[in-house]
$ cat input.txt   # compact mmCIF, N, CA and C atoms and all ligand atoms
# COMPACT_ATOMS: atom_id res chain seq x y z
N MET A 1 73.24 125.49 -26.32
CA MET A 1 74.31 124.67 -25.73
C MET A 1 75.67 125.16 -26.22
N CYS A 2 75.74 125.51 -27.50
CA CYS A 2 77.02 125.93 -28.07
C CYS A 2 77.47 127.26 -27.48
N GLU A 3 76.48 128.11 -27.08
CA GLU A 3 76.85 129.43 -26.57
C GLU A 3 77.39 129.33 -25.14
N MET A 4 77.01 128.24 -24.47
CA MET A 4 77.43 128.10 -23.08
C MET A 4 78.87 127.61 -23.00
N ASN A 5 79.39 127.75 -21.82
CA ASN A 5 80.73 127.25 -21.57
C ASN A 5 80.58 125.93 -20.82
N PRO A 6 80.60 124.80 -21.53
CA PRO A 6 80.30 123.53 -20.86
C PRO A 6 81.36 123.13 -19.85
N THR A 7 80.90 122.49 -18.79
CA THR A 7 81.83 121.92 -17.81
C THR A 7 82.44 120.66 -18.43
N PRO A 8 83.51 120.13 -17.83
CA PRO A 8 84.10 118.89 -18.37
C PRO A 8 83.09 117.75 -18.48
N LEU A 9 82.20 117.63 -17.50
CA LEU A 9 81.22 116.54 -17.54
C LEU A 9 80.20 116.76 -18.67
N GLU A 10 79.76 118.01 -18.82
CA GLU A 10 78.83 118.32 -19.92
C GLU A 10 79.50 118.05 -21.26
N GLN A 11 80.74 118.43 -21.35
CA GLN A 11 81.51 118.21 -22.57
C GLN A 11 81.63 116.71 -22.85
N THR A 12 81.82 115.95 -21.78
CA THR A 12 81.93 114.49 -21.91
C THR A 12 80.64 113.90 -22.47
N LEU A 13 79.50 114.34 -21.94
CA LEU A 13 78.21 113.83 -22.41
C LEU A 13 78.00 114.18 -23.87
N PHE A 14 78.36 115.41 -24.22
CA PHE A 14 78.25 115.86 -25.60
C PHE A 14 79.13 114.99 -26.51
N THR A 15 80.35 114.72 -26.04
CA THR A 15 81.28 113.89 -26.81
C THR A 15 80.73 112.48 -27.00
N LEU A 16 80.12 111.91 -25.96
CA LEU A 16 79.55 110.57 -26.06
C LEU A 16 78.51 110.50 -27.17
N CYS A 17 77.62 111.50 -27.20
CA CYS A 17 76.57 111.54 -28.23
C CYS A 17 77.20 111.68 -29.61
N LYS A 18 78.19 112.55 -29.70
CA LYS A 18 78.82 112.84 -30.99
C LYS A 18 79.56 111.62 -31.53
N VAL A 19 80.34 110.98 -30.66
CA VAL A 19 81.10 109.80 -31.07
C VAL A 19 80.16 108.69 -31.53
N PHE A 20 79.09 108.48 -30.76
CA PHE A 20 78.14 107.43 -31.13
C PHE A 20 77.52 107.74 -32.50
N SER A 21 77.06 108.97 -32.67
CA SER A 21 76.38 109.34 -33.92
C SER A 21 77.31 109.21 -35.12
N GLU A 22 78.54 109.65 -34.95
CA GLU A 22 79.50 109.59 -36.06
C GLU A 22 79.71 108.15 -36.53
N HIS A 23 79.91 107.26 -35.57
CA HIS A 23 80.19 105.87 -35.93
C HIS A 23 78.92 105.14 -36.39
N ALA A 24 77.80 105.46 -35.77
CA ALA A 24 76.54 104.80 -36.15
C ALA A 24 76.15 105.14 -37.58
N ALA A 25 76.53 106.32 -38.03
CA ALA A 25 76.15 106.77 -39.37
C ALA A 25 77.00 106.15 -40.47
N ALA A 26 78.05 105.44 -40.11
CA ALA A 26 79.00 104.93 -41.11
C ALA A 26 78.37 103.90 -42.04
N GLU A 27 77.56 102.99 -41.50
CA GLU A 27 77.00 101.90 -42.31
C GLU A 27 75.54 101.66 -41.90
N GLY A 28 74.77 101.17 -42.84
CA GLY A 28 73.41 100.68 -42.56
C GLY A 28 72.56 101.66 -41.78
N ASN A 29 71.96 101.17 -40.70
CA ASN A 29 71.11 102.00 -39.85
C ASN A 29 71.95 103.10 -39.18
N LYS A 30 71.55 104.35 -39.38
CA LYS A 30 72.35 105.46 -38.88
C LYS A 30 72.15 105.71 -37.38
N GLU A 31 71.18 105.01 -36.78
CA GLU A 31 70.90 105.20 -35.35
C GLU A 31 71.54 104.12 -34.49
N THR A 32 72.11 103.10 -35.13
CA THR A 32 72.68 102.00 -34.35
C THR A 32 74.05 101.61 -34.89
N LEU A 33 74.81 100.94 -34.04
CA LEU A 33 76.13 100.43 -34.43
C LEU A 33 76.02 98.96 -34.77
N ASN A 34 76.50 98.58 -35.95
CA ASN A 34 76.62 97.14 -36.21
C ASN A 34 77.99 96.67 -35.69
N LYS A 35 78.25 95.38 -35.86
CA LYS A 35 79.46 94.80 -35.28
C LYS A 35 80.71 95.51 -35.79
N ASN A 36 80.71 95.79 -37.08
CA ASN A 36 81.85 96.45 -37.71
C ASN A 36 82.05 97.87 -37.17
N GLU A 37 80.95 98.59 -37.02
CA GLU A 37 81.01 99.96 -36.49
C GLU A 37 81.49 99.96 -35.05
N VAL A 38 81.03 98.97 -34.28
CA VAL A 38 81.49 98.87 -32.88
C VAL A 38 83.01 98.66 -32.85
N LYS A 39 83.47 97.77 -33.72
CA LYS A 39 84.91 97.49 -33.75
C LYS A 39 85.71 98.74 -34.10
N ASN A 40 85.23 99.47 -35.12
CA ASN A 40 85.93 100.70 -35.52
C ASN A 40 85.91 101.75 -34.42
N LEU A 41 84.76 101.84 -33.74
CA LEU A 41 84.65 102.82 -32.65
C LEU A 41 85.64 102.50 -31.54
N VAL A 42 85.67 101.24 -31.16
CA VAL A 42 86.56 100.84 -30.07
C VAL A 42 88.02 101.05 -30.47
N LYS A 43 88.33 100.70 -31.73
CA LYS A 43 89.69 100.83 -32.22
C LYS A 43 90.16 102.29 -32.22
N LYS A 44 89.24 103.18 -32.64
CA LYS A 44 89.61 104.59 -32.77
C LYS A 44 89.50 105.35 -31.46
N GLU A 45 88.43 105.08 -30.70
CA GLU A 45 88.14 105.91 -29.52
C GLU A 45 88.58 105.27 -28.21
N LEU A 46 88.75 103.95 -28.21
CA LEU A 46 89.12 103.25 -26.98
C LEU A 46 90.30 102.33 -27.27
N PRO A 47 91.42 102.89 -27.73
CA PRO A 47 92.55 102.05 -28.17
C PRO A 47 93.12 101.16 -27.07
N GLN A 48 93.03 101.59 -25.82
CA GLN A 48 93.54 100.74 -24.73
C GLN A 48 92.72 99.46 -24.64
N LEU A 49 91.41 99.65 -24.82
CA LEU A 49 90.51 98.51 -24.76
C LEU A 49 90.70 97.63 -25.98
N PHE A 50 91.03 98.25 -27.11
CA PHE A 50 91.15 97.50 -28.35
C PHE A 50 92.24 96.45 -28.25
N LYS A 51 93.27 96.76 -27.48
CA LYS A 51 94.35 95.78 -27.29
C LYS A 51 93.77 94.47 -26.77
N ALA A 52 92.88 94.58 -25.79
CA ALA A 52 92.24 93.40 -25.25
C ALA A 52 91.28 92.80 -26.26
N ALA A 53 90.64 93.66 -27.03
CA ALA A 53 89.61 93.21 -27.97
C ALA A 53 90.20 92.47 -29.16
N GLN A 54 91.49 92.67 -29.40
CA GLN A 54 92.11 92.00 -30.53
C GLN A 54 92.13 90.49 -30.37
N GLU A 55 92.00 90.06 -29.12
CA GLU A 55 91.91 88.63 -28.88
C GLU A 55 90.54 88.09 -29.26
N ASP A 56 89.67 89.00 -29.64
CA ASP A 56 88.30 88.63 -30.01
C ASP A 56 88.01 89.23 -31.38
N PRO A 57 88.62 88.66 -32.44
CA PRO A 57 88.54 89.28 -33.76
C PRO A 57 87.12 89.42 -34.31
N GLU A 58 86.21 88.61 -33.84
CA GLU A 58 84.83 88.69 -34.34
C GLU A 58 84.06 89.84 -33.70
N GLY A 59 84.63 90.39 -32.63
CA GLY A 59 83.95 91.51 -31.98
C GLY A 59 82.70 91.11 -31.22
N GLU A 60 82.54 89.84 -30.98
CA GLU A 60 81.30 89.38 -30.32
C GLU A 60 81.11 89.99 -28.94
N THR A 61 82.21 90.04 -28.17
CA THR A 61 82.04 90.56 -26.81
C THR A 61 81.96 92.08 -26.79
N LEU A 62 82.44 92.71 -27.88
CA LEU A 62 82.37 94.18 -27.93
C LEU A 62 80.95 94.65 -28.20
N LEU A 63 80.25 93.86 -28.99
CA LEU A 63 78.88 94.22 -29.36
C LEU A 63 77.96 93.87 -28.20
N MET A 64 77.71 94.83 -27.34
CA MET A 64 76.85 94.56 -26.19
C MET A 64 75.40 94.77 -26.63
N ASP A 65 74.89 93.71 -27.24
CA ASP A 65 73.55 93.78 -27.81
C ASP A 65 72.57 93.11 -26.87
N PHE A 66 72.01 93.90 -25.96
CA PHE A 66 71.21 93.30 -24.89
C PHE A 66 69.83 92.84 -25.35
N ASP A 67 69.27 93.49 -26.37
CA ASP A 67 67.94 93.08 -26.82
C ASP A 67 67.99 92.09 -27.99
N GLY A 68 69.24 91.75 -28.41
CA GLY A 68 69.40 90.68 -29.39
C GLY A 68 68.98 91.02 -30.81
N ASP A 69 68.94 92.32 -31.16
CA ASP A 69 68.54 92.67 -32.53
C ASP A 69 69.75 92.76 -33.47
N GLY A 70 70.94 92.41 -32.96
CA GLY A 70 72.13 92.37 -33.82
C GLY A 70 72.84 93.70 -33.95
N GLU A 71 72.27 94.76 -33.38
CA GLU A 71 72.90 96.08 -33.47
C GLU A 71 72.95 96.69 -32.07
N MET A 72 73.81 97.68 -31.91
CA MET A 72 73.95 98.33 -30.61
C MET A 72 73.35 99.74 -30.72
N ASP A 73 72.26 99.98 -30.00
CA ASP A 73 71.68 101.32 -30.04
C ASP A 73 72.31 102.20 -28.96
N PHE A 74 71.86 103.46 -28.88
CA PHE A 74 72.54 104.40 -27.97
C PHE A 74 72.42 103.98 -26.51
N LYS A 75 71.25 103.42 -26.17
CA LYS A 75 71.07 102.96 -24.78
C LYS A 75 72.05 101.83 -24.45
N GLU A 76 72.18 100.90 -25.37
CA GLU A 76 73.11 99.77 -25.15
C GLU A 76 74.55 100.28 -25.07
N PHE A 77 74.85 101.27 -25.92
CA PHE A 77 76.18 101.89 -25.91
C PHE A 77 76.46 102.52 -24.54
N MET A 78 75.46 103.22 -24.00
CA MET A 78 75.64 103.87 -22.71
C MET A 78 75.78 102.86 -21.57
N VAL A 79 75.04 101.76 -21.65
CA VAL A 79 75.18 100.71 -20.63
C VAL A 79 76.59 100.14 -20.67
N ALA A 80 77.08 99.90 -21.91
CA ALA A 80 78.43 99.35 -22.06
C ALA A 80 79.46 100.32 -21.49
N LEU A 81 79.29 101.61 -21.77
CA LEU A 81 80.24 102.60 -21.26
C LEU A 81 80.15 102.73 -19.74
N SER A 82 78.93 102.60 -19.21
CA SER A 82 78.77 102.65 -17.75
C SER A 82 79.54 101.52 -17.10
N CYS A 83 79.45 100.33 -17.72
CA CYS A 83 80.20 99.17 -17.20
C CYS A 83 81.69 99.47 -17.24
N LEU A 84 82.14 100.02 -18.37
CA LEU A 84 83.55 100.35 -18.51
C LEU A 84 83.98 101.35 -17.45
N ALA A 85 83.15 102.38 -17.24
CA ALA A 85 83.48 103.41 -16.26
C ALA A 85 83.61 102.80 -14.87
N CYS A 86 82.72 101.84 -14.55
CA CYS A 86 82.78 101.18 -13.24
C CYS A 86 84.06 100.38 -13.10
N ILE A 87 84.46 99.72 -14.19
CA ILE A 87 85.70 98.94 -14.15
C ILE A 87 86.90 99.86 -13.93
N PHE A 88 86.91 100.98 -14.68
CA PHE A 88 88.01 101.94 -14.50
C PHE A 88 88.06 102.46 -13.07
N LYS A 89 86.87 102.79 -12.57
CA LYS A 89 86.78 103.35 -11.21
C LYS A 89 87.34 102.36 -10.18
N ALA A 90 87.00 101.09 -10.39
CA ALA A 90 87.42 100.06 -9.45
C ALA A 90 88.93 99.83 -9.51
N HIS A 91 89.50 100.06 -10.70
CA HIS A 91 90.92 99.73 -10.88
C HIS A 91 91.85 100.93 -10.75
N CYS A 92 91.27 102.13 -10.86
CA CYS A 92 92.13 103.32 -10.76
C CYS A 92 92.51 103.53 -9.30
N PRO A 93 93.78 103.81 -9.07
CA PRO A 93 94.19 104.07 -7.68
C PRO A 93 93.51 105.34 -7.16
N LYS A 94 93.11 105.30 -5.91
CA LYS A 94 92.47 106.48 -5.31
C LYS A 94 93.49 107.57 -5.08
N LYS A 95 93.08 108.80 -5.37
CA LYS A 95 94.03 109.90 -5.21
C LYS A 95 93.78 110.61 -3.89
CA CA A 101 75.09 102.03 -38.40
CA CA A 102 70.42 95.98 -29.72

$ encode --input "input.txt" --output "structure tokens"
Amino acid sequence: MCEMNPTPLEQTLFTLCKVFSEHAAAEGNKETLNKNEVKNLVKKELPQLFKAAQEDPEGETLLMDFDGDGEMDFKEFMVALSCLACIFKAHCPKK
């Protein structure tokens, strides 16, 4: 993969995995994001969203924990990002 010249979309997928792994490794379980890790990730990587998230200091709505185990795994992270992408798509003016 490193030898290839990735397209922007491939690079994006690679970045998604990398960002998740970096933040998930910060505390506790290295494969999942806890509430604190989610907050830090959003603050650092999604600052526009963080503005809205500041109204939710507990981070409850940021932690999209669909299976209720208290942590956000990579699948849950991807579902959350897919939702975000759909929102952006709906709100971005068509070019
Ligand atoms: Ca973790
Ligand atoms: Ca979960």

$ closest_atom_pairs --input "input.txt" --of "segment 12-35 of chain A" --to "segment 39-43 of chain A" --cutoff "10 Å" --atoms "only C-alpha atoms" --output "tab-separated table"
residue	atom	partner	partner_atom	distance
A:Val19	CA	A:Leu41	CA	8.0
A:Phe20	CA	A:Leu41	CA	8.1
A:Glu22	CA	A:Leu41	CA	9.2
A:His23	CA	A:Leu41	CA	6.3
A:Ala24	CA	A:Leu41	CA	9.1
A:Ala26	CA	A:Asn40	CA	9.9
A:Leu33	CA	A:Leu41	CA	9.0
A:Asn34	CA	A:Lys39	CA	8.7
A:Lys35	CA	A:Lys39	CA	6.3

$ select_by_dssp --input "input.txt" --residues "chain A" --states "helix (DSSP H, G or I)" --output "VMD selection string"
chain A and resid 8 to 24 35 to 45 47 to 53 74 to 91

$ atom_distance --input "input.txt" --atom1 "atom CA of Leu16 of chain A" --atom2 "atom C of Gln54 of chain A"
24.1 Å

$ atom_distance --input "input.txt" --atom1 "atom N of Gly70 of chain A" --atom2 "atom CA of Glu31 of chain A"
13.0 Å

$ closest_atom_pairs --input "input.txt" --of "chain A" --to "ligand CA 102 (chain A)" --cutoff "5 Å" --atoms "all atoms listed in the file" --output "tab-separated table"
residue	atom	partner	partner_atom	distance
A:Asp65	CA	A:CA102	CA	4.3
A:Phe66	N	A:CA102	CA	4.6
A:Asp67	N	A:CA102	CA	4.3
A:Gly68	N	A:CA102	CA	4.6
A:Asp69	N	A:CA102	CA	4.2
A:Gly70	N	A:CA102	CA	4.8
A:Glu71	C	A:CA102	CA	3.5
A:Met72	CA	A:CA102	CA	4.3
A:Asp73	N	A:CA102	CA	4.4

$ atom_distance --input "input.txt" --atom1 "atom CA of Glu3 of chain A" --atom2 "atom CA of Thr15 of chain A"
16.2 Å

$ closest_residue --input "input.txt" --among "A:Thr12, A:Gln48, A:Thr7, A:Asn29" --to "ligand CA 101 (chain A)" --atoms "only C-alpha atoms and all ligand atoms"
A:Asn29

$ closest_residue --input "input.txt" --among "A:Pro47, A:Pro93, A:Pro6, A:Gly28" --to "ligand CA 101 (chain A)" --atoms "all atoms listed in the file"
A:Gly28
